[in-house]
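K.L.:
Provided herewith is a single structure, encoded as structure tokens, for subsequent inquiry.
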Amino acid sequence: MTEPKVDAPQEPEQKRSNSIQTSGSGTTLSHNSSSILLRAWSHMTESVRPSAFAEFELLILTFCTGIQDAISFPDYHCFASNQTGNTVFLMLAALLPHLNGEMFITANIGAALGFFLLGGWITGQIGNMVGPRLRIWLVGCNFIQSCLVFAAAAMQYIHGAGLRGTDAIVVVGLLAFASGSQVVQSRSLQMTEISTAMATAAWVDLLIDPGLFKLNNHPRTRRALFLATLILGSLAGAGIYRSTGSWVAILVSAAGKMLVTGMYLFNSAEKPKEIAGPSAC
């Protein structure tokens, strides 16, 4: 019979070598993980650079704004994003309260204007502290805005689109807060021609532009694209409202905003400033 093979006991030097190899592998994996985390954190703490890609993102947000306002006025007799009309209606409500319910709903208008201002104030002040174009701030803030719009769509789906009452105020407040935050955040990208919401100034600036008919006029082109996208978003919102209901329109708007949240991860970053002179040595 063949005797079973017995592995020879490892010498102390061989055991030590194997132990060192195992320890080295663990150290390498730990180092690689730390390196990935550091690169990810460095990427998220970069300042996003104004670019053509950022313009495209703002135009998507503009399209979403058009959708929201196209459904907020017929459903709640107020605008979620554009506050000029809400401001005028609120003054009418103060002096002509008998028009409440016929021309406007005072509670809805007050909620829209109030939550819009609150969203803009909170976003602006936090942005001033952390850095308004910091990638992690843009991603996080836009994610919260998207969640608020998703919540508004869920409220409408569950409770319907009532003209008055607490449900109406909650939906209007969610949309207005997200819109106020969005408008303030869009200004941090230094493309004031694309405000993502207010059209009046864009129309005027477009008409009085001395280079209106010049071939190469980037500010003019930005304004024209902004206005065209807002119009298309409003038409899309009205079409969805007529065919499937306003909650679907709000859902589409929320999905568009969430898309931009993910896109912010791929924006190019500002290059670090080079220090000239003896101190650079």
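Chain labels A, B, ... are given in the sequence in which chains occur in the structure tokens; within each chain residues are numbered consecutively from 1, and ligands are likewise numbered from 1 in the order shown.
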Considering only C-alpha atoms, return as a PyMOL selection string whatever protein or nucleic-acid residues lie within 10 Å of Thr166 (chain A), sequence-local ones (same chain, fewer than 6 positions apart) excluded.
P.N.:
chain A and resi 107-108+172
K.L.:
What are the closest atom pairs, with distances in Å to one decimal, for all residues of region 146-192 of chain A lying within 12 Å of region 206-219 of chain A? Consider only C-alpha atoms, order rows by chain and residue number, and present the result as a tab-separated table.
P.N.:
```
residue	atom	partner	partner_atom	distance
A:Gln190	CA	A:Pro219	CA	11.6
A:Met191	CA	A:Pro219	CA	8.6
A:Thr192	CA	A:Pro219	CA	9.0
```
K.L.:
Export, as a compact mmCIF listing (two decimals), in the first residue's frame, the selected residues with C-alpha atoms.
P.N.:
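The resulting file, result_6.txt, is reproduced below:
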```txt
# COMPACT_ATOMS: atom_id res chain seq x y z
CA GLN A 190 -22.52 82.90 -13.30
CA MET A 191 -24.89 82.58 -16.26
CA THR A 192 -27.47 85.21 -15.39
```
K.L.:
Skipping near chain neighbours, those fewer than 3 positions away, what residues fall within 7 Å of region 109-120 of chain A using only C-alpha atoms, listed as a PyMOL selection string?
P.N.:
chain A and resi 78-80+83+86+90+105-106+123-124+169+172-173+176-181+184
